[in-house]
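Student: One structure is given below, represented as structure tokens, and several questions about it will come after.
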Number of protein chains: 2
Amino acid sequence: MTRGDRLTEVVRERELSALVVTNLENVHYLSGYTGTNGVAVVGAEGQRDFFTDFRYLERAEVEVRDFERLRGKRDLLGDAAERLSAGRVGFEEEHMSVRSHRRFEGLVPEGVELVGVHGLVEGLREVKEEGELAIIRRAAALADDALAEALEGGLAGRTEREFAMALEDGFRARGAEPSFESIVASGPNGSLPHAEPGDTVIAEDVLVTVDYGAKIDGYCSDCTRTFATGEVGAEAREVYELVRAAQAAAGEAIRAGLGCKEADSIARAVIDDAGHAEHFGHGLGHGVGLEVHEGPRLTPAASEEETLVAGNVVTVEPGVYLPGRLGVRIEDLVVVTEDGSEVLSQLPKDLTVVGET
Amino acid sequence: MTRGDRLTEVVRERELSALVVTNLENVHYLSGYTGTNGVAVVGAEGQRDFFTDFRYLERAEVEVRDFERLRGKRDLLGDAAERLSAGRVGFEEEHMSVRSHRRFEGLVPEGVELVGVHGLVEGLREVKEEGELAIIRRAAALADDALAEALEGGLAGRTEREFAMALEDGFRARGAEPSFESIVASGPNGSLPHAEPGDTVIAEDVLVTVDYGAKIDGYCSDCTRTFATGEVGAEAREVYELVRAAQAAAGEAIRAGLGCKEADSIARAVIDDAGHAEHFGHGLGHGVGLEVHEGPRLTPAASEEETLVAGNVVTVEPGVYLPGRLGVRIEDLVVVTEDGSEVLSQLPKDLTVVGET
């Protein structure tokens with residue numbers, strides 16, 4: 001069954017006559033198209049239209065499968081509108097602006113009722129096919145390999161930015177791109193979960209959090225390790241072991257059928273019990289695929305109905321952040337399986353002192 | 001007058017009580033904030049609120065000026081809604097999804113009428129301040145410098161991708177990032193205006209189009225040159241000189257007061273007269289600033305009222321594309337002045353044979 005076929009089933013379940021897909025990652029997922037102007041229409045009765053403009057026709061010829069390739073004008077909503085027939089037509093309400101929607105309303109034929117829907121293609125994307133898993137495995141291995149190489153040059157004495165550039169050069173040398181702007185946060189900077197690598201020279205005897213991912217063939221990886229540059233002291237070691245225990249507890253529990261909220265709460269309970277509840281201010285993890293943040297979300301805000309299924313690829317990344325002092329985050333990327341998980345992040349999770357020989 | 005002050009004037013002209021700014025480039029422009037979750041509210045009576053979540057508070061502390069810095073929840077629309085008072089409140093209808101808008105409608109206090117507007121902050125951004133021009137000049141010079149260096153390694157015999165990587169490494173070595181994915185299109189690939197650099201080995205005796213730009217301190221440059229790798233033949237030379245003449249004609253005409261559509265038509269007439277009307281399938285140019293594509297647009301679709309004003313930064317980039325054979329594009333980045341323009345692209349526009357000594 002193709003991805004288009006699976007979407008057709010969803011379109012029927014929702015009692016739509018068709019779905020207009022405008023989000024480019026979703027268009028990519030369905031059709032194979034990787035350009036920057038494309039729209040897909042998937043009908044309940046087998047309609048599979050793909051539109052792009054003249055600039056991308058030759059690319060579409062190479063990439064797009066299972067869809068009829070149609071040449072549109074620069075604004076593809078008008079072209080899509082012309083191929084719609086009366087009925088309830090879904091559009092992606094999370095990805096269409098108020099302005100585009102108003103224009104689209106004026107373009108669709110009489111008898112078409114536009115219905116805002118969300119998460120339909122994203123729902124399919126949450127469960128990866130074997131081919132997708134193979135790419136993500138490669139991306140994760142490549143990223144770990146590049147990090148190991150960058151670490152050979154040491155941490156202390158380089159600036160955070162220098163280390164991030166060395167790491168990302170390693171991705172590019174291996175044919176990948178960074179899947180997001182790498183985080184290299186040393187010492188007190190580690191207490192900012194989303195610190196940008198700056199001109200801070202990495203000191204001796206501090207913790208350094210490195211959050212990194214590679215992108216190949218459209219798919220992302222995502223991993224975090226926290227390293228030491230020497231003797232970091234009792235508090236840092238204690239926080240490190242706490243995060244490591246929380247990460248291990250959640251990691252061991254991950255399997256098909258586990259609730260997304262429950263996964264989060266397993267790690268959170270470990271951190272809460274140690275008195276650090278207010279120092280873990282983000283969710284446990286998120287799905288990873290064509291986007292580095294996608295579903296499912298492992299957070300306290302997840303609903304009771306959201307459970308992990310085999311083929312989900314999620315991060316497991318608790319952290320503890322002591323403002324102005326230090327931070328620790330440990331993150332694995334894992335594939336959910338029927339009876340557990342496959343961990344894609346290969347680097348050790350013992351506190352590693354970088355630069356020691 | 002600060003940017004916030006200028007926006008307040010626009011808000012009053014539109015008879016709004018406030019504008020909620022959600023587009024991140026617009027938030028950046030107004031407040032200085034460069035993170036990935038921020039909302040600004042600018043009121044007709046001087047309200048200047050900036051919201052971000054806990055992850056970016058320390059960054060906001062450093063970056064945000066002229067706005068009151070407020071800590072919001074992860075979803076900032078609710079926080080912005082709480083600070084609104086009754087009246088006509090504008091929102092950016094090009095940048096707010098149908099779904100967010102519906103949610104926002106449910107969050108605003110009674111008496112608030114949400115009014116979709118577009119282009120308000122973008123209109124301010126089209127006219128650059130001296131400080132912005134200084135950064136764009138630096139970005140353009142840096143990009144030209146990196147290209148000149150990359151060309152020292154030659155073109156023929158390297159793959160398009162290798163050349164693109166060498167060029168982008170040069171940006172990074174100079175402290176910049178690419179402002180978009182560089183285009184390196186050789187021989188027949190040159191006929192695709194948006195070709196991605198691929199594994200094609202650049203041949204001898206062909207044309208190679210290189211479209212590149214650097215980004216520093218948030219601002220982009222954009223430039224294109226087409227080079228030869230040897231004796232390219234009469235047709236290629238003829239097309240090159242045609243595009244060069246079209247580029248020169250438009251470039252000489254650029255000044256404050258010139259219509260945006262007229263600018264396009266000056267270059268287009270030169271190409272049409274040579275019988276290549278159908279081979280110039282895109283507009284003459286576009287504004288460049290925080291985004292590599294912004295206003296004003298120099299296209300046949302521009303309205304008669306749209307004219308260039310001093311401080312616009314625009315590209316002037318005609319091209320001729322012969323499908324399956326070759327393509328030529330020559331692009332300068334220019335600052336519009338009262339009596340002409342300042343050309344920021346410094347590389348020569350004579351047909352340069354790369355690799356000849």
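Each chain in the structure tokens gets a letter, A, B and so on, in the order shown; residues start at 1 in every chain, and ligands are counted from 1 in the order they appear.
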Would you mind listing, for every residue of chain A within 8 Å of chain B, the two atoms forming the shortest contact and the distance between them in Å to one decimal, using only C-alpha atoms, sorted by chain and ascending residue number, as a tab-separated table?
Tutor:
```
residue	atom	partner	partner_atom	distance
A:Arg55	CA	B:Pro193	CA	6.5
A:Tyr56	CA	B:His194	CA	7.5
A:Glu93	CA	B:Val98	CA	5.1
A:Glu94	CA	B:Arg99	CA	5.2
A:His95	CA	B:Ser97	CA	5.9
A:Met96	CA	B:Ser97	CA	5.3
A:Ser97	CA	B:Ser97	CA	4.1
A:Val98	CA	B:Val98	CA	5.0
A:Arg99	CA	B:Glu93	CA	5.2
A:Ser100	CA	B:Glu94	CA	7.1
A:His101	CA	B:Val98	CA	7.3
A:Gly116	CA	B:Val98	CA	7.8
A:Leu192	CA	B:Arg55	CA	6.6
A:Pro193	CA	B:Arg55	CA	6.5
A:His194	CA	B:Arg55	CA	6.4
```
Student: Quick check for you: according to DSSP on this backbone, which residues of range 107-349 of chain B are classed as strand (DSSP E)? Reply as an NGL selection string.
Tutor: :B and (112-117 or 177-178 or 183-186 or 207-212 or 214-216 or 219-220 or 223-228 or 285-287 or 294-298 or 313-316 or 319-322 or 326-329 or 332-337 or 340-343)
Student: Find the residues near range 129-131 of chain A: any atom within 12 Å, counting only C-alpha atoms, skip ones fewer than 2 places away on the same chain, and give them as a PDB file with N, CA and C atoms, in the first residue's frame.
Tutor:
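Dumped to part_22.pdb:
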```
ATOM      1  N   MET A   1       0.849  -1.190   0.000  1.00  0.00           N
ATOM      2  CA  MET A   1       0.000   0.000   0.000  1.00  0.00           C
ATOM      3  C   MET A   1       0.889   1.246   0.000  1.00  0.00           C
ATOM      4  N   THR A   2       0.657   2.137  -0.941  1.00  0.00           N
ATOM      5  CA  THR A   2       1.476   3.346  -0.992  1.00  0.00           C
ATOM      6  C   THR A   2       1.017   4.322   0.087  1.00  0.00           C
ATOM      7  N   ARG A   3       1.825   5.347   0.295  1.00  0.00           N
ATOM      8  CA  ARG A   3       1.451   6.374   1.266  1.00  0.00           C
ATOM      9  C   ARG A   3       0.171   7.069   0.815  1.00  0.00           C
ATOM     10  N   TYR A  29       6.654  13.745   1.752  1.00  0.00           N
ATOM     11  CA  TYR A  29       6.366  12.396   2.254  1.00  0.00           C
ATOM     12  C   TYR A  29       5.478  11.615   1.292  1.00  0.00           C
ATOM     13  N   LEU A 124       0.333   9.674   9.648  1.00  0.00           N
ATOM     14  CA  LEU A 124       0.979   8.595   8.895  1.00  0.00           C
ATOM     15  C   LEU A 124       2.490   8.627   9.096  1.00  0.00           C
ATOM     16  N   ARG A 125       3.035   9.842   9.093  1.00  0.00           N
ATOM     17  CA  ARG A 125       4.495   9.999   9.189  1.00  0.00           C
ATOM     18  C   ARG A 125       5.058   9.492  10.513  1.00  0.00           C
ATOM     19  N   GLU A 126       4.207   9.436  11.548  1.00  0.00           N
ATOM     20  CA  GLU A 126       4.718   9.016  12.862  1.00  0.00           C
ATOM     21  C   GLU A 126       5.184   7.561  12.864  1.00  0.00           C
ATOM     22  N   VAL A 127       4.607   6.761  11.988  1.00  0.00           N
ATOM     23  CA  VAL A 127       4.993   5.341  11.928  1.00  0.00           C
ATOM     24  C   VAL A 127       5.902   5.147  10.716  1.00  0.00           C
ATOM     25  N   LEU A 133      13.427   3.933   8.366  1.00  0.00           N
ATOM     26  CA  LEU A 133      14.265   3.577   9.524  1.00  0.00           C
ATOM     27  C   LEU A 133      15.713   3.394   9.103  1.00  0.00           C
ATOM     28  N   ALA A 134      15.911   2.795   7.937  1.00  0.00           N
ATOM     29  CA  ALA A 134      17.283   2.554   7.469  1.00  0.00           C
ATOM     30  C   ALA A 134      18.024   3.879   7.302  1.00  0.00           C
ATOM     31  N   ILE A 135      17.331   4.891   6.786  1.00  0.00           N
ATOM     32  CA  ILE A 135      17.983   6.195   6.592  1.00  0.00           C
ATOM     33  C   ILE A 135      18.277   6.841   7.945  1.00  0.00           C
ATOM     34  N   ILE A 136      17.310   6.769   8.859  1.00  0.00           N
ATOM     35  CA  ILE A 136      17.506   7.411  10.170  1.00  0.00           C
ATOM     36  C   ILE A 136      18.642   6.720  10.931  1.00  0.00           C
ATOM     37  N   ARG A 137      18.717   5.392  10.818  1.00  0.00           N
ATOM     38  CA  ARG A 137      19.855   4.673  11.442  1.00  0.00           C
ATOM     39  C   ARG A 137      21.179   5.199  10.901  1.00  0.00           C
ATOM     40  N   ARG A 138      21.233   5.369   9.585  1.00  0.00           N
ATOM     41  CA  ARG A 138      22.469   5.877   8.970  1.00  0.00           C
ATOM     42  C   ARG A 138      22.784   7.277   9.469  1.00  0.00           C
ATOM     43  N   ASP A 217      19.215  12.448   3.097  1.00  0.00           N
ATOM     44  CA  ASP A 217      18.048  12.055   2.299  1.00  0.00           C
ATOM     45  C   ASP A 217      16.747  12.538   2.932  1.00  0.00           C
ATOM     46  N   TYR A 219      15.952  12.940   6.064  1.00  0.00           N
ATOM     47  CA  TYR A 219      15.631  12.469   7.416  1.00  0.00           C
ATOM     48  C   TYR A 219      16.668  12.918   8.441  1.00  0.00           C
ATOM     49  N   GLY A 289      11.834  12.566  12.238  1.00  0.00           N
ATOM     50  CA  GLY A 289      11.714  11.973  10.906  1.00  0.00           C
ATOM     51  C   GLY A 289      12.134  12.992   9.873  1.00  0.00           C
ATOM     52  N   ALA A 310       4.689   0.577  17.351  1.00  0.00           N
ATOM     53  CA  ALA A 310       5.906   0.094  16.703  1.00  0.00           C
ATOM     54  C   ALA A 310       6.153   0.916  15.448  1.00  0.00           C
ATOM     55  N   GLY A 311       7.394   1.359  15.261  1.00  0.00           N
ATOM     56  CA  GLY A 311       7.740   2.175  14.110  1.00  0.00           C
ATOM     57  C   GLY A 311       7.847   3.646  14.431  1.00  0.00           C
ATOM     58  N   ASN A 312       7.400   4.052  15.630  1.00  0.00           N
ATOM     59  CA  ASN A 312       7.677   5.425  16.071  1.00  0.00           C
ATOM     60  C   ASN A 312       9.183   5.561  16.278  1.00  0.00           C
ATOM     61  N   VAL A 313       9.698   6.731  15.951  1.00  0.00           N
ATOM     62  CA  VAL A 313      11.097   7.058  16.258  1.00  0.00           C
ATOM     63  C   VAL A 313      11.047   8.277  17.169  1.00  0.00           C
ATOM     64  N   VAL A 335      13.986   3.616  18.232  1.00  0.00           N
ATOM     65  CA  VAL A 335      12.879   3.103  17.428  1.00  0.00           C
ATOM     66  C   VAL A 335      12.006   2.255  18.344  1.00  0.00           C
TER      67      VAL A 335
END
```
Student: Work out how far CA of Leu70 in chain B is from CA of Val42 in chain B, in Å to one decimal.
Tutor: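 Separating CA of Val42 in chain B from CA of Leu70 in chain B is a distance of 13.6 Å.
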Student: Could you pull out the alpha helix (DSSP H) residues of range 215-303 of chain B, going by DSSP on the backbone, and write them as a PyMOL selection string?
Tutor: chain B and resi 234-253+260-273
Student: CA of Asp332 in chain A to CA of Glu317 in chain A: how many Å, to one decimal?
Tutor: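 A separation of 6.5 Å between them.
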Student: Hey, what's within 9 Å of Arg65 in chain B if we count only C-alpha atoms and toss same-chain stuff fewer than 5 positions away? As an mmCIF file with all heavy atoms, in the first residue's frame, please?
Tutor:
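Listing of selection_31.cif after writing:
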```cif
data_model
loop_
_atom_site.group_PDB
_atom_site.id
_atom_site.type_symbol
_atom_site.label_atom_id
_atom_site.label_comp_id
_atom_site.auth_asym_id
_atom_site.auth_seq_id
_atom_site.Cartn_x
_atom_site.Cartn_y
_atom_site.Cartn_z
ATOM 1 N N LEU B 30 11.741 44.247 14.758
ATOM 2 C CA LEU B 30 11.224 45.241 15.694
ATOM 3 C C LEU B 30 11.979 45.256 17.010
ATOM 4 O O LEU B 30 12.264 46.313 17.566
ATOM 5 C CB LEU B 30 9.741 44.972 15.988
ATOM 6 C CG LEU B 30 8.774 45.179 14.822
ATOM 7 C CD1 LEU B 30 7.400 44.654 15.192
ATOM 8 C CD2 LEU B 30 8.699 46.658 14.428
ATOM 9 N N SER B 31 12.286 44.054 17.517
ATOM 10 C CA SER B 31 12.753 43.963 18.906
ATOM 11 C C SER B 31 14.218 43.588 19.045
ATOM 12 O O SER B 31 14.792 43.773 20.102
ATOM 13 C CB SER B 31 11.921 42.907 19.641
ATOM 14 O OG SER B 31 12.275 41.608 19.185
ATOM 15 N N GLY B 32 14.799 43.012 17.991
ATOM 16 C CA GLY B 32 16.180 42.536 18.089
ATOM 17 C C GLY B 32 16.281 41.056 18.425
ATOM 18 O O GLY B 32 17.352 40.454 18.315
ATOM 19 N N TYR B 33 15.156 40.427 18.797
ATOM 20 C CA TYR B 33 15.145 39.028 19.243
ATOM 21 C C TYR B 33 15.426 38.071 18.088
ATOM 22 O O TYR B 33 14.800 38.172 17.036
ATOM 23 C CB TYR B 33 13.775 38.721 19.857
ATOM 24 C CG TYR B 33 13.545 37.275 20.215
ATOM 25 C CD1 TYR B 33 14.133 36.722 21.346
ATOM 26 C CD2 TYR B 33 12.730 36.468 19.428
ATOM 27 C CE1 TYR B 33 13.906 35.395 21.684
ATOM 28 C CE2 TYR B 33 12.492 35.150 19.761
ATOM 29 C CZ TYR B 33 13.092 34.618 20.882
ATOM 30 O OH TYR B 33 12.859 33.305 21.208
ATOM 31 N N ALA B 60 16.654 36.949 25.464
ATOM 32 C CA ALA B 60 15.858 38.166 25.282
ATOM 33 C C ALA B 60 16.440 39.308 26.104
ATOM 34 O O ALA B 60 16.464 40.462 25.675
ATOM 35 C CB ALA B 60 14.401 37.911 25.664
#
```
Student: Within 10 Å of range 284-287 of chain A, counting only C-alpha atoms, which residues show up once you throw out same-chain ones fewer than 4 positions away? Write them as a ChimeraX atom specification, please.
Tutor: /A:125-127,222,246-247,250,260-261,263-268,280,291-300,312-319,331-335
Student: Which residues are near Lys73 in chain B? Cut-off 10 Å, only C-alpha atoms, ignore same chain within fewer than 6 positions. Put them as a list in words.
Tutor: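 Here the answer would be Phe51, Thr52, Asp53, Phe54 and Asp79 of chain B.
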Student: So which residues touch range 348-354 of chain B within 7 Å, counting only C-alpha atoms, skipping near sequence neighbours fewer than 4 positions away, as a PyMOL selection string?
Tutor: chain B and resi 154-155+227-230
Student: Using only C-alpha atoms, which of A:Ala148, A:Val64, A:Arg12, A:Ala166 sits nearest Leu347 in chain A?
Tutor: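 Smallest separation from Leu347 in chain A among the options: A:Ala148.
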